[in-house]
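Pasting data_36.cif here (mmCIF, C-alpha atoms):
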data_run
#
loop_
_atom_site.label_atom_id
_atom_site.label_comp_id
_atom_site.auth_asym_id
_atom_site.auth_seq_id
_atom_site.Cartn_x
_atom_site.Cartn_y
_atom_site.Cartn_z
CA MET A 1259 -81.97 -47.81 119.96
CA PHE A 1260 -79.64 -49.07 117.23
CA ASN A 1261 -82.16 -51.21 115.33
CA THR A 1262 -84.66 -48.37 115.28
CA ASP A 1263 -82.04 -45.89 114.10
CA CYS A 1264 -81.25 -48.17 111.15
CA LEU A 1265 -84.82 -47.57 109.99
CA HIS A 1266 -85.50 -44.01 111.09
CA GLY A 1267 -82.13 -42.30 111.59
CA GLY A 1268 -81.36 -39.26 109.47
CA TYR A 1269 -84.83 -38.73 108.04
CA ARG A 1270 -88.24 -38.00 109.51
CA PRO A 1271 -90.94 -37.13 106.96
CA GLU A 1272 -93.27 -34.25 107.69
CA ASN A 1273 -97.00 -34.37 107.02
CA GLY A 1274 -97.62 -35.68 103.50
CA GLU A 1275 -93.95 -36.25 102.68
CA PRO A 1276 -92.58 -39.57 101.32
CA ARG A 1277 -92.05 -42.29 103.91
CA ASN A 1278 -88.81 -43.46 102.31
CA ILE A 1279 -85.80 -41.20 101.87
CA PRO A 1280 -86.55 -39.49 98.55
CA ILE A 1281 -84.19 -39.67 95.57
CA ILE A 1282 -83.30 -36.09 94.64
CA GLN A 1283 -81.85 -36.91 91.21
CA SER A 1284 -80.87 -33.40 90.23
CA THR A 1285 -77.54 -31.76 89.59
CA THR A 1286 -78.76 -28.24 90.36
CA PHE A 1287 -81.08 -26.32 92.67
CA ARG A 1288 -82.97 -23.11 91.88
CA TYR A 1289 -82.90 -19.87 93.90
CA GLU A 1290 -84.88 -16.67 93.63
CA THR A 1291 -81.91 -14.32 93.84
CA SER A 1292 -78.14 -14.35 93.36
CA GLU A 1293 -77.87 -13.08 96.91
CA ASP A 1294 -79.55 -16.24 98.23
CA MET A 1295 -77.16 -18.42 96.28
CA GLY A 1296 -74.17 -16.31 97.25
CA LYS A 1297 -74.77 -17.06 100.91
CA LEU A 1298 -74.33 -20.75 100.14
CA PHE A 1299 -71.03 -20.15 98.38
CA ASP A 1300 -69.85 -18.15 101.39
CA LEU A 1301 -70.96 -20.94 103.79
CA GLU A 1302 -73.24 -18.43 105.50
CA ALA A 1303 -76.41 -20.44 104.91
CA GLU A 1304 -77.38 -24.11 104.66
CA GLY A 1305 -78.72 -25.48 101.42
CA TYR A 1306 -77.87 -27.05 98.08
CA PHE A 1307 -76.71 -25.58 94.82
CA TYR A 1308 -74.78 -28.33 93.01
CA THR A 1309 -74.75 -32.08 93.67
CA ARG A 1310 -70.99 -32.34 93.17
CA LEU A 1311 -70.70 -30.88 96.67
CA GLN A 1312 -73.88 -31.91 98.44
CA ASN A 1313 -77.23 -33.49 97.70
CA PRO A 1314 -80.22 -33.95 100.05
CA THR A 1315 -80.48 -37.72 99.47
CA ASN A 1316 -76.78 -38.17 100.18
CA ASP A 1317 -76.96 -36.06 103.31
CA MET A 1318 -79.99 -37.91 104.71
CA VAL A 1319 -78.22 -41.25 104.39
CA ALA A 1320 -74.99 -39.76 105.78
CA ALA A 1321 -76.99 -38.55 108.78
CA ARG A 1322 -78.26 -42.10 109.32
CA ILE A 1323 -74.72 -43.52 109.36
CA CYS A 1324 -73.63 -40.68 111.63
CA LYS A 1325 -76.39 -41.61 114.07
CA LEU A 1326 -75.39 -45.28 114.03
CA GLU A 1327 -71.73 -44.48 114.72
CA GLY A 1328 -72.52 -41.89 117.39
CA GLY A 1329 -70.80 -39.04 115.56
CA THR A 1330 -71.47 -35.34 115.13
CA ALA A 1331 -71.14 -34.98 111.34
CA ALA A 1332 -70.76 -37.28 108.32
CA MET A 1333 -70.48 -37.28 104.56
CA LEU A 1334 -70.95 -39.84 101.78
CA LEU A 1335 -68.44 -40.37 99.01
CA SER A 1336 -68.34 -42.26 95.73
CA SER A 1337 -66.26 -45.16 97.11
CA GLY A 1338 -64.45 -46.47 100.17
CA GLN A 1339 -61.18 -45.54 98.52
CA ALA A 1340 -62.35 -41.94 98.25
CA ALA A 1341 -63.28 -42.02 101.93
CA SER A 1342 -59.82 -43.27 102.92
CA PHE A 1343 -58.16 -40.62 100.77
CA PHE A 1344 -60.32 -37.74 101.99
CA SER A 1345 -59.94 -38.79 105.64
CA ILE A 1346 -56.17 -38.30 105.41
CA PHE A 1347 -55.85 -35.54 102.83
CA ASN A 1348 -58.27 -33.35 104.78
CA ILE A 1349 -55.62 -32.88 107.49
CA ALA A 1350 -52.32 -33.78 105.80
CA SER A 1351 -50.37 -32.42 102.85
CA ALA A 1352 -46.95 -32.64 101.22
CA GLY A 1353 -44.24 -33.03 103.85
CA ASP A 1354 -46.51 -34.66 106.43
CA HIS A 1355 -46.39 -38.16 107.91
CA ILE A 1356 -49.00 -40.75 108.87
CA VAL A 1357 -48.72 -43.87 111.04
CA SER A 1358 -50.79 -46.77 109.70
CA SER A 1359 -51.43 -50.35 110.63
CA SER A 1360 -49.75 -52.64 108.11
CA THR A 1361 -52.66 -55.08 107.98
CA ILE A 1362 -55.05 -53.06 105.87
CA TYR A 1363 -56.92 -53.60 102.61
CA GLY A 1364 -54.54 -53.90 99.65
CA GLY A 1365 -56.17 -51.03 97.78
CA THR A 1366 -55.75 -48.76 100.79
CA TYR A 1367 -52.13 -49.81 101.19
CA ASN A 1368 -51.47 -48.96 97.54
CA LEU A 1369 -53.25 -45.61 97.93
CA PHE A 1370 -51.06 -44.75 100.91
CA ALA A 1371 -47.73 -46.30 99.92
CA VAL A 1372 -47.73 -45.30 96.25
CA THR A 1373 -50.24 -42.64 95.24
CA MET A 1374 -50.20 -40.45 98.33
CA LYS A 1375 -46.46 -40.90 98.62
CA ARG A 1376 -46.23 -39.25 95.18
CA MET A 1377 -48.20 -36.37 96.71
CA GLY A 1378 -45.49 -35.95 99.35
CA ILE A 1379 -47.26 -37.66 102.27
CA GLU A 1380 -45.17 -40.41 103.87
CA PHE A 1381 -46.60 -43.42 105.68
CA THR A 1382 -45.00 -45.67 108.28
CA PHE A 1383 -46.68 -49.08 108.40
CA ILE A 1384 -46.57 -50.88 111.71
CA ASP A 1385 -47.74 -54.30 112.87
CA PRO A 1386 -51.04 -53.85 114.77
CA ASP A 1387 -49.76 -56.37 117.31
CA CYS A 1388 -46.79 -54.13 118.14
CA THR A 1389 -45.95 -53.10 121.67
CA GLU A 1390 -46.81 -49.64 122.93
CA ASP A 1391 -43.13 -48.71 122.76
CA GLU A 1392 -42.87 -49.83 119.15
CA LEU A 1393 -46.01 -47.91 118.27
CA ASN A 1394 -44.83 -44.71 119.93
CA ALA A 1395 -41.46 -45.00 118.17
CA ALA A 1396 -43.22 -44.73 114.80
CA PHE A 1397 -44.33 -41.13 115.42
CA ARG A 1398 -42.47 -38.10 114.09
CA PRO A 1399 -42.84 -34.36 114.72
CA ASN A 1400 -44.75 -34.07 111.41
CA THR A 1401 -47.14 -36.98 112.07
CA LYS A 1402 -50.73 -35.88 111.46
CA ALA A 1403 -52.85 -39.00 112.07
CA VAL A 1404 -52.96 -42.72 112.82
CA PHE A 1405 -54.95 -45.11 110.60
CA GLY A 1406 -56.16 -48.68 111.13
CA GLU A 1407 -58.99 -51.11 110.40
CA THR A 1408 -61.26 -52.50 113.11
CA ILE A 1409 -61.08 -55.91 111.40
CA ALA A 1410 -58.33 -56.00 108.79
CA ASN A 1411 -59.17 -57.06 105.24
CA PRO A 1412 -58.27 -59.90 104.59
CA ALA A 1413 -55.87 -60.73 107.46
CA LEU A 1414 -58.76 -60.40 109.96
CA ALA A 1415 -56.47 -58.90 112.59
CA VAL A 1416 -58.52 -57.09 115.24
CA LEU A 1417 -57.18 -53.63 116.03
CA ASP A 1418 -56.60 -52.80 119.68
CA ILE A 1419 -58.39 -49.48 119.30
CA GLU A 1420 -57.68 -48.27 122.83
CA LYS A 1421 -53.94 -48.91 122.42
CA PHE A 1422 -53.80 -47.03 119.11
CA ALA A 1423 -56.01 -44.20 120.41
CA LYS A 1424 -53.83 -43.76 123.48
CA ALA A 1425 -50.70 -43.48 121.34
CA ALA A 1426 -52.33 -41.12 118.84
CA HIS A 1427 -53.63 -38.78 121.53
CA SER A 1428 -50.34 -38.76 123.43
CA HIS A 1429 -48.77 -37.37 120.27
CA GLY A 1430 -51.59 -34.89 119.63
CA VAL A 1431 -53.10 -36.53 116.54
CA PRO A 1432 -56.44 -38.22 115.77
CA LEU A 1433 -57.05 -41.92 115.27
CA ILE A 1434 -58.88 -42.79 112.03
CA VAL A 1435 -60.50 -46.24 111.97
CA ASP A 1436 -61.93 -48.00 108.93
CA ASN A 1437 -64.96 -49.77 110.40
CA THR A 1438 -66.12 -51.48 107.21
CA PHE A 1439 -65.96 -55.11 108.32
CA ALA A 1440 -67.29 -54.59 111.83
CA THR A 1441 -69.98 -52.01 110.94
CA PRO A 1442 -71.45 -49.90 113.75
CA TRP A 1443 -73.62 -52.93 114.59
CA GLY A 1444 -70.52 -54.85 115.61
CA CYS A 1445 -68.30 -52.07 116.96
CA ARG A 1446 -68.53 -48.33 117.51
CA PRO A 1447 -64.89 -47.18 117.49
CA PHE A 1448 -65.72 -43.77 118.99
CA GLU A 1449 -66.62 -45.52 122.24
CA TRP A 1450 -63.05 -46.86 122.41
CA GLY A 1451 -61.24 -43.61 121.66
CA ALA A 1452 -61.23 -43.32 117.86
CA ASP A 1453 -61.80 -39.83 116.45
CA ILE A 1454 -62.82 -40.42 112.84
CA VAL A 1455 -64.45 -43.46 111.24
CA THR A 1456 -64.49 -44.41 107.57
CA HIS A 1457 -66.48 -47.02 105.66
CA SER A 1458 -66.58 -48.67 102.32
CA THR A 1459 -70.37 -48.61 102.30
CA THR A 1460 -70.17 -50.96 99.30
CA LYS A 1461 -69.79 -53.78 101.81
CA TYR A 1462 -72.06 -54.67 104.74
CA LEU A 1463 -73.82 -51.31 104.99
CA ASP A 1464 -75.22 -51.75 101.48
CA GLY A 1465 -75.14 -55.52 101.80
CA HIS A 1466 -76.34 -56.48 98.33
CA ALA A 1467 -73.48 -55.54 95.96
CA ALA A 1468 -75.74 -52.93 94.41
CA ALA A 1469 -73.92 -49.62 94.91
CA VAL A 1470 -70.30 -48.57 95.38
CA GLY A 1471 -69.84 -45.91 98.06
CA GLY A 1472 -67.93 -44.61 101.05
CA ALA A 1473 -68.53 -42.61 104.21
CA ILE A 1474 -66.60 -40.55 106.75
CA VAL A 1475 -67.94 -39.83 110.24
CA ASP A 1476 -66.44 -37.38 112.74
CA SER A 1477 -66.78 -38.04 116.46
CA GLY A 1478 -66.48 -34.35 117.26
CA LYS A 1479 -64.12 -35.26 120.10
CA PHE A 1480 -60.74 -34.24 118.73
CA ASP A 1481 -59.75 -30.71 119.74
CA TRP A 1482 -58.21 -29.28 116.57
CA ASP A 1483 -57.64 -25.88 118.17
CA LYS A 1484 -55.53 -27.46 120.90
CA TYR A 1485 -53.08 -28.47 118.18
CA ALA A 1486 -53.69 -25.49 115.92
CA ASP A 1487 -50.15 -25.41 114.53
CA LYS A 1488 -50.54 -28.98 113.25
CA TYR A 1489 -53.86 -28.39 111.53
CA PRO A 1490 -53.77 -24.91 109.94
CA GLY A 1491 -56.32 -25.98 107.32
CA LEU A 1492 -58.92 -26.19 110.07
CA THR A 1493 -57.69 -23.52 112.48
CA THR A 1494 -56.61 -20.64 110.22
CA PRO A 1495 -58.58 -18.64 107.61
CA ASP A 1496 -59.40 -20.36 104.31
CA ASP A 1497 -58.79 -17.86 101.51
CA SER A 1498 -60.91 -19.92 99.10
CA TYR A 1499 -63.94 -19.22 101.31
CA HIS A 1500 -63.42 -15.56 102.17
CA GLY A 1501 -61.28 -16.19 105.21
CA ILE A 1502 -63.53 -18.61 107.08
CA THR A 1503 -61.84 -20.49 109.94
CA TYR A 1504 -63.60 -23.84 110.13
CA THR A 1505 -63.18 -24.51 113.83
CA LYS A 1506 -64.49 -21.05 114.71
CA ARG A 1507 -67.44 -21.12 112.32
CA PHE A 1508 -68.51 -24.76 112.67
CA GLY A 1509 -67.08 -25.80 116.02
CA GLN A 1510 -65.19 -28.89 117.07
CA GLY A 1511 -68.03 -31.17 115.95
CA GLY A 1512 -68.49 -29.76 112.46
CA ALA A 1513 -65.19 -28.33 111.26
CA TYR A 1514 -63.60 -31.50 109.89
CA ILE A 1515 -66.53 -32.66 107.73
CA THR A 1516 -67.41 -29.14 106.58
CA LYS A 1517 -63.86 -28.61 105.35
CA ALA A 1518 -63.85 -32.00 103.60
CA VAL A 1519 -67.03 -31.09 101.74
CA ALA A 1520 -66.26 -27.42 101.08
CA GLN A 1521 -62.69 -28.00 99.87
CA LEU A 1522 -62.11 -31.61 98.86
CA MET A 1523 -65.52 -32.50 97.45
CA ARG A 1524 -65.55 -29.16 95.66
CA ASP A 1525 -62.20 -29.90 94.02
CA PHE A 1526 -62.26 -33.69 93.55
CA GLY A 1527 -65.99 -34.27 93.01
CA SER A 1528 -66.03 -37.76 94.55
CA THR A 1529 -69.74 -37.59 95.21
CA PRO A 1530 -72.07 -40.60 95.06
CA ALA A 1531 -75.10 -40.66 92.78
CA PRO A 1532 -78.29 -40.03 94.78
CA MET A 1533 -79.67 -43.34 93.49
CA ASN A 1534 -76.69 -45.17 95.01
CA SER A 1535 -77.25 -43.39 98.32
CA PHE A 1536 -80.91 -44.38 98.23
CA LEU A 1537 -79.93 -48.03 97.76
CA LEU A 1538 -77.46 -47.69 100.62
CA GLY A 1539 -80.19 -46.29 102.85
CA LEU A 1540 -82.40 -49.29 102.06
CA GLY A 1541 -79.57 -51.68 102.82
CA ILE A 1542 -78.93 -50.13 106.22
CA GLU A 1543 -82.54 -50.81 107.22
CA THR A 1544 -81.78 -54.54 107.46
CA LEU A 1545 -78.20 -54.24 108.73
CA PRO A 1546 -78.83 -55.76 112.21
CA LEU A 1547 -80.72 -58.74 110.78
CA ARG A 1548 -78.11 -59.41 108.13
CA MET A 1549 -75.08 -59.03 110.40
CA GLU A 1550 -76.52 -61.47 112.93
CA ARG A 1551 -76.95 -64.08 110.17
CA HIS A 1552 -73.54 -63.34 108.61
CA CYS A 1553 -71.82 -63.88 111.96
CA GLU A 1554 -73.83 -67.00 112.76
CA ASN A 1555 -73.04 -68.59 109.39
CA ALA A 1556 -69.37 -67.58 109.49
CA LYS A 1557 -68.84 -69.13 112.90
CA LYS A 1558 -70.40 -72.43 111.79
CA ILE A 1559 -68.22 -72.52 108.70
CA ALA A 1560 -65.10 -71.55 110.64
CA GLU A 1561 -65.73 -74.41 113.06
CA TYR A 1562 -66.17 -76.80 110.13
CA LEU A 1563 -62.99 -75.67 108.38
CA LYS A 1564 -60.97 -75.75 111.59
CA ASN A 1565 -61.47 -79.50 111.82
CA HIS A 1566 -61.02 -80.33 108.11
CA PRO A 1567 -57.84 -82.30 107.33
CA LYS A 1568 -57.15 -80.37 104.12
CA VAL A 1569 -57.30 -76.95 105.81
CA SER A 1570 -53.81 -76.01 107.01
CA TRP A 1571 -54.81 -72.99 109.08
CA ILE A 1572 -57.78 -70.71 109.76
CA ARG A 1573 -58.28 -67.16 110.97
CA TYR A 1574 -61.60 -66.08 112.48
CA ALA A 1575 -61.61 -63.96 115.62
CA GLY A 1576 -64.89 -65.50 116.75
CA LEU A 1577 -63.23 -68.90 117.18
CA GLU A 1578 -61.95 -69.73 120.65
CA GLY A 1579 -58.20 -70.11 120.42
CA ASP A 1580 -57.85 -67.59 117.59
CA LYS A 1581 -55.01 -65.09 118.01
CA TYR A 1582 -57.53 -62.24 118.23
CA TYR A 1583 -60.24 -64.02 120.20
CA GLU A 1584 -59.80 -61.95 123.37
CA LEU A 1585 -59.72 -58.65 121.46
CA ALA A 1586 -62.84 -59.74 119.58
CA LYS A 1587 -64.63 -60.45 122.85
CA LYS A 1588 -63.78 -56.89 123.92
CA TYR A 1589 -64.47 -54.94 120.74
CA LEU A 1590 -66.82 -57.28 118.83
CA PRO A 1591 -69.07 -58.96 121.41
CA LYS A 1592 -71.92 -59.50 118.93
CA GLY A 1593 -69.79 -61.29 116.35
CA ALA A 1594 -66.58 -61.07 114.35
CA CYS A 1595 -68.23 -60.31 110.94
CA GLY A 1596 -68.91 -62.80 108.16
CA VAL A 1597 -65.44 -63.12 106.65
CA VAL A 1598 -63.25 -66.16 107.24
CA SER A 1599 -59.65 -66.48 106.04
CA PHE A 1600 -57.93 -69.86 105.73
CA GLY A 1601 -55.32 -71.86 103.86
CA VAL A 1602 -55.64 -75.11 101.95
CA SER A 1603 -52.88 -77.72 102.24
CA GLY A 1604 -50.81 -77.56 99.08
CA GLY A 1605 -50.31 -73.79 98.91
CA ARG A 1606 -51.30 -71.42 96.10
CA ALA A 1607 -52.01 -74.13 93.52
CA ALA A 1608 -54.30 -75.98 95.92
CA ALA A 1609 -56.08 -72.75 96.83
CA GLU A 1610 -56.81 -71.98 93.19
CA LYS A 1611 -58.03 -75.54 92.52
CA PHE A 1612 -60.30 -75.41 95.56
CA MET A 1613 -61.85 -72.11 94.48
CA ALA A 1614 -62.43 -73.37 90.94
CA GLY A 1615 -64.37 -76.30 92.39
CA LEU A 1616 -66.89 -74.20 94.30
CA LYS A 1617 -70.42 -74.23 92.89
CA LEU A 1618 -72.42 -72.00 95.22
CA ALA A 1619 -69.79 -69.48 96.29
CA SER A 1620 -68.73 -67.04 93.56
CA ILE A 1621 -65.14 -66.04 92.81
CA ALA A 1622 -65.49 -62.26 92.97
CA THR A 1623 -63.51 -59.16 93.87
CA HIS A 1624 -66.01 -58.33 96.55
CA VAL A 1625 -66.77 -59.07 100.15
CA ALA A 1626 -69.51 -58.57 102.74
CA ASP A 1627 -72.34 -59.40 100.38
CA ALA A 1628 -75.65 -61.21 100.93
CA LYS A 1629 -74.30 -63.91 98.60
CA THR A 1630 -71.21 -65.91 99.50
CA CYS A 1631 -68.09 -64.96 97.55
CA VAL A 1632 -64.48 -66.06 97.66
CA LEU A 1633 -61.16 -64.54 96.62
CA HIS A 1634 -57.44 -65.31 96.53
CA PRO A 1635 -56.06 -61.90 97.63
CA ALA A 1636 -52.43 -62.57 96.65
CA SER A 1637 -53.64 -62.91 93.05
CA ALA A 1638 -56.17 -60.09 93.18
CA THR A 1639 -56.63 -57.28 95.74
CA HIS A 1640 -53.05 -57.56 97.05
CA ARG A 1641 -51.46 -58.49 93.71
CA GLN A 1642 -49.37 -55.30 93.65
CA MET A 1643 -47.50 -56.27 96.83
CA ASN A 1644 -44.18 -58.10 96.95
CA ASP A 1645 -43.63 -61.06 99.28
CA ALA A 1646 -42.36 -58.90 102.15
CA GLU A 1647 -45.31 -56.52 101.86
CA LEU A 1648 -47.72 -59.46 101.71
CA GLU A 1649 -46.23 -60.88 104.89
CA ALA A 1650 -46.51 -57.51 106.66
CA ALA A 1651 -50.15 -57.27 105.58
CA GLY A 1652 -50.84 -60.75 106.95
CA VAL A 1653 -51.56 -62.15 103.50
CA SER A 1654 -49.86 -65.48 102.85
CA PRO A 1655 -49.72 -66.89 99.29
CA ASP A 1656 -52.23 -69.60 100.20
CA LEU A 1657 -54.75 -67.28 101.95
CA ILE A 1658 -58.35 -67.69 100.81
CA ARG A 1659 -60.84 -65.01 101.85
CA LEU A 1660 -64.32 -66.45 102.20
CA SER A 1661 -67.09 -63.90 102.61
CA VAL A 1662 -69.94 -65.91 104.09
CA GLY A 1663 -73.36 -64.84 102.87
CA LEU A 1664 -76.90 -65.32 104.04
CA GLU A 1665 -77.53 -68.73 102.46
CA ASP A 1666 -78.35 -71.79 104.54
CA ALA A 1667 -75.16 -72.72 106.37
CA ASP A 1668 -75.59 -76.41 105.55
CA ASP A 1669 -75.66 -75.63 101.83
CA LEU A 1670 -72.47 -73.60 102.14
CA ILE A 1671 -70.70 -76.32 104.11
CA ALA A 1672 -71.73 -78.90 101.49
CA ASP A 1673 -70.25 -76.70 98.77
CA LEU A 1674 -66.98 -76.31 100.68
CA ALA A 1675 -66.84 -80.04 101.36
CA GLN A 1676 -67.15 -81.10 97.72
CA ALA A 1677 -64.58 -78.52 96.61
CA LEU A 1678 -62.08 -79.63 99.28
CA GLU A 1679 -62.61 -83.26 98.40
CA ASN A 1680 -61.23 -82.62 94.92
CA VAL A 1681 -58.10 -80.77 96.05
#
As structure tokens, the full file:
Amino acid sequence: MFNTDCLHGGYRPENGEPRNIPIIQSTTFRYETSEDMGKLFDLEAEGYFYTRLQNPTNDMVAARICKLEGGTAAMLLSSGQAASFFSIFNIASAGDHIVSSSTIYGGTYNLFAVTMKRMGIEFTFIDPDCTEDELNAAFRPNTKAVFGETIANPALAVLDIEKFAKAAHSHGVPLIVDNTFATPWGCRPFEWGADIVTHSTTKYLDGHAAAVGGAIVDSGKFDWDKYADKYPGLTTPDDSYHGITYTKRFGQGGAYITKAVAQLMRDFGSTPAPMNSFLLGLGIETLPLRMERHCENAKKIAEYLKNHPKVSWIRYAGLEGDKYYELAKKYLPKGACGVVSFGVSGGRAAAEKFMAGLKLASIATHVADAKTCVLHPASATHRQMNDAELEAAGVSPDLIRLSVGLEDADDLIADLAQALENV
């Protein structure tokens, strides 16, 4: 069961071994012979030789997340940004094209639209509320993947995963879903047709703002060999590993992650510190308890804000009447996460004055924390976007992103009330 897997998934101690996942804080691992180590470099044996590629602590926690998402293989990375980058770059290169939802985290948008564009990978951004015809029209012969967020940050649009999966598969490409805000407690995208899931583990999975990290999980469902011409990196020999073909050696369920580790982690070194992975593992143990409270608090606060005369609009998929309420009932039956987006009457200036008046909630470039935090995305995470890009991302100039924590809901409402009173 899910709650049990949060505590036991990925690690079972043998007789006399530590009950908690151990911290293997070592860069290197000793072997008796060069032949033993050589087998690791040839991917002929399992094991560890350098933490830049793999580390036991990291892999144990990755296995826990893999179990929670229902995948076949997973890896941890140093940040959610690294996870987003690896998830695309593992199957796309210069000259390729990706279809992405437009309502995604500002940092991810910048990664795709600016940095990866400089690498020769082009992205088409499409409204997640588009029709099936509009979505299908975005594909090109060189499209390699589709990307979206289960719950968009900070627009809180809920992705119709089945619609996007259907389109992706009809064009012979995988659907990659960032499941950070929903977490596997709230939604398991693989059950709705997604092929690969990413996380910024910095958020709800860690839950305490203690460790930056990311994760990628493969469902093992996408048949890379069926579209071998599109994915030669997985289906043809890799000269940097003595001609190994990943799909043949590691199968449909292991090829994608093995390649990401063997090639990308080897060359980019975006590995998390074992201590950070240990903290992540501890955070996951209480994930179900925390998410239930986050959702409960967020709904109470959303209901309060909805009826406040100084709040001009509110977005929370758990509220009846919200644009995404029906999709949330389908994909997020336990709750629509702990983030609420809203606007204060008076626009940007009023939003900034309101935030400055908060006493309990912290103004912070963070979200999905045990402590309540608040941000004005147009001035921070989405600052690099122009007005048209902000509109496409669902970020209005007056949008306030409130990440509701685990405090007493009445205390949070009192803090919001006194700050609104002074606007």
Task: Closest of A:His1552, A:Leu1414, A:Ser1284, A:Phe1397 to Tyr1583 (chain A) - atom-to-atom distances counting all atoms listed in the file - done: A:Leu1414
Task: Shortest interatomic distance to Pro1532 (chain A) - which of A:Ser1603, A:Asn1348, A:Thr1286, A:Asn1316, counting all atoms listed in the file - done: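 Of A:Ser1603, A:Asn1348, A:Thr1286, A:Asn1316, the one nearest Pro1532 (chain A) is A:Asn1316, counting all atoms listed in the file.
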Open item on the list: Counting all atoms listed in the file, which residue out of A:Arg1310, A:His1266, A:Lys1488, A:Arg1573 sits closest to Ile1658 (chain A)?
Closed with: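 Ranked by minimum distance to Ile1658 (chain A), first place goes to A:Arg1573.
Applied to this file, the PyMOL selection byres ((chain A and resi 1358-1364) around 8) selects Ile1356, Val1357, Gly1365, Thr1366, Tyr1367, Asn1368, Phe1381, Thr1382, Phe1383, Ile1384, Asp1385, Pro1386, Val1404, Phe1405, Gly1406, Glu1407, Ala1410, Asn1411, Pro1412, Ala1413, Ala1415, Thr1639, His1640, Met1643, Ala1650, Ala1651 and Gly1652 of chain A.
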TODO: Rank A:Ala1371, A:Gly1604, A:Lys1484, A:Ala1426 by their smallest atom-to-atom distance to Ala1396 (chain A), using all atoms listed in the file, and report the top residue only.
DONE: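 The closest residue to Ala1396 (chain A) is A:Ala1426.
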Open item on the list: Between CA of Leu1618 (chain A) and CA of Glu1550 (chain A), what is the distance in Å, rounded to a tenth?
Closed with: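 Calculated distance between CA of Leu1618 (chain A) and CA of Glu1550 (chain A) is 21.0 Å.
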- [ ] Could you give me, as a list in words, the residues within 7 Å of Ser1351 (chain A), counting all atoms listed in the file and dropping anything in the same chain fewer than 2 positions from it?
- [x] Phe1347, Gly1353, Asp1354, Gly1378 and Ile1379 of chain A
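Applied to the file shown here, the PyMOL selection byres ((chain A and resi 1536) around 9) selects the residues Asn1278, Ile1279, Pro1280, Ile1281, Thr1315, Asn1316, Val1319, Ala1531, Pro1532, Met1533, Asn1534, Ser1535, Leu1537, Leu1538, Gly1539, Leu1540 and Gly1541 of chain A.
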Open item on the list: On this structure, the PyMOL selection byres ((chain A and resi 1311) around 12) would catch which residues? List them as number ranges by chain, sorted by chain and number.
Closed with: A: 1285-1286, 1298-1299, 1305-1310, 1312-1314, 1316-1317, 1333-1336, 1515-1531
Output file for the selection above: C-alpha atoms, as an mmCIF file, keeping the file's coordinate frame:
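Contents of the output file out-v5.cif:
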data_model
loop_
_atom_site.group_PDB
_atom_site.id
_atom_site.type_symbol
_atom_site.label_atom_id
_atom_site.label_comp_id
_atom_site.auth_asym_id
_atom_site.auth_seq_id
_atom_site.Cartn_x
_atom_site.Cartn_y
_atom_site.Cartn_z
ATOM 1 C CA THR A 1285 -77.540 -31.760 89.590
ATOM 2 C CA THR A 1286 -78.760 -28.240 90.360
ATOM 3 C CA LEU A 1298 -74.330 -20.750 100.140
ATOM 4 C CA PHE A 1299 -71.030 -20.150 98.380
ATOM 5 C CA GLY A 1305 -78.720 -25.480 101.420
ATOM 6 C CA TYR A 1306 -77.870 -27.050 98.080
ATOM 7 C CA PHE A 1307 -76.710 -25.580 94.820
ATOM 8 C CA TYR A 1308 -74.780 -28.330 93.010
ATOM 9 C CA THR A 1309 -74.750 -32.080 93.670
ATOM 10 C CA ARG A 1310 -70.990 -32.340 93.170
ATOM 11 C CA GLN A 1312 -73.880 -31.910 98.440
ATOM 12 C CA ASN A 1313 -77.230 -33.490 97.700
ATOM 13 C CA PRO A 1314 -80.220 -33.950 100.050
ATOM 14 C CA ASN A 1316 -76.780 -38.170 100.180
ATOM 15 C CA ASP A 1317 -76.960 -36.060 103.310
ATOM 16 C CA MET A 1333 -70.480 -37.280 104.560
ATOM 17 C CA LEU A 1334 -70.950 -39.840 101.780
ATOM 18 C CA LEU A 1335 -68.440 -40.370 99.010
ATOM 19 C CA SER A 1336 -68.340 -42.260 95.730
ATOM 20 C CA ILE A 1515 -66.530 -32.660 107.730
ATOM 21 C CA THR A 1516 -67.410 -29.140 106.580
ATOM 22 C CA LYS A 1517 -63.860 -28.610 105.350
ATOM 23 C CA ALA A 1518 -63.850 -32.000 103.600
ATOM 24 C CA VAL A 1519 -67.030 -31.090 101.740
ATOM 25 C CA ALA A 1520 -66.260 -27.420 101.080
ATOM 26 C CA GLN A 1521 -62.690 -28.000 99.870
ATOM 27 C CA LEU A 1522 -62.110 -31.610 98.860
ATOM 28 C CA MET A 1523 -65.520 -32.500 97.450
ATOM 29 C CA ARG A 1524 -65.550 -29.160 95.660
ATOM 30 C CA ASP A 1525 -62.200 -29.900 94.020
ATOM 31 C CA PHE A 1526 -62.260 -33.690 93.550
ATOM 32 C CA GLY A 1527 -65.990 -34.270 93.010
ATOM 33 C CA SER A 1528 -66.030 -37.760 94.550
ATOM 34 C CA THR A 1529 -69.740 -37.590 95.210
ATOM 35 C CA PRO A 1530 -72.070 -40.600 95.060
ATOM 36 C CA ALA A 1531 -75.100 -40.660 92.780
#
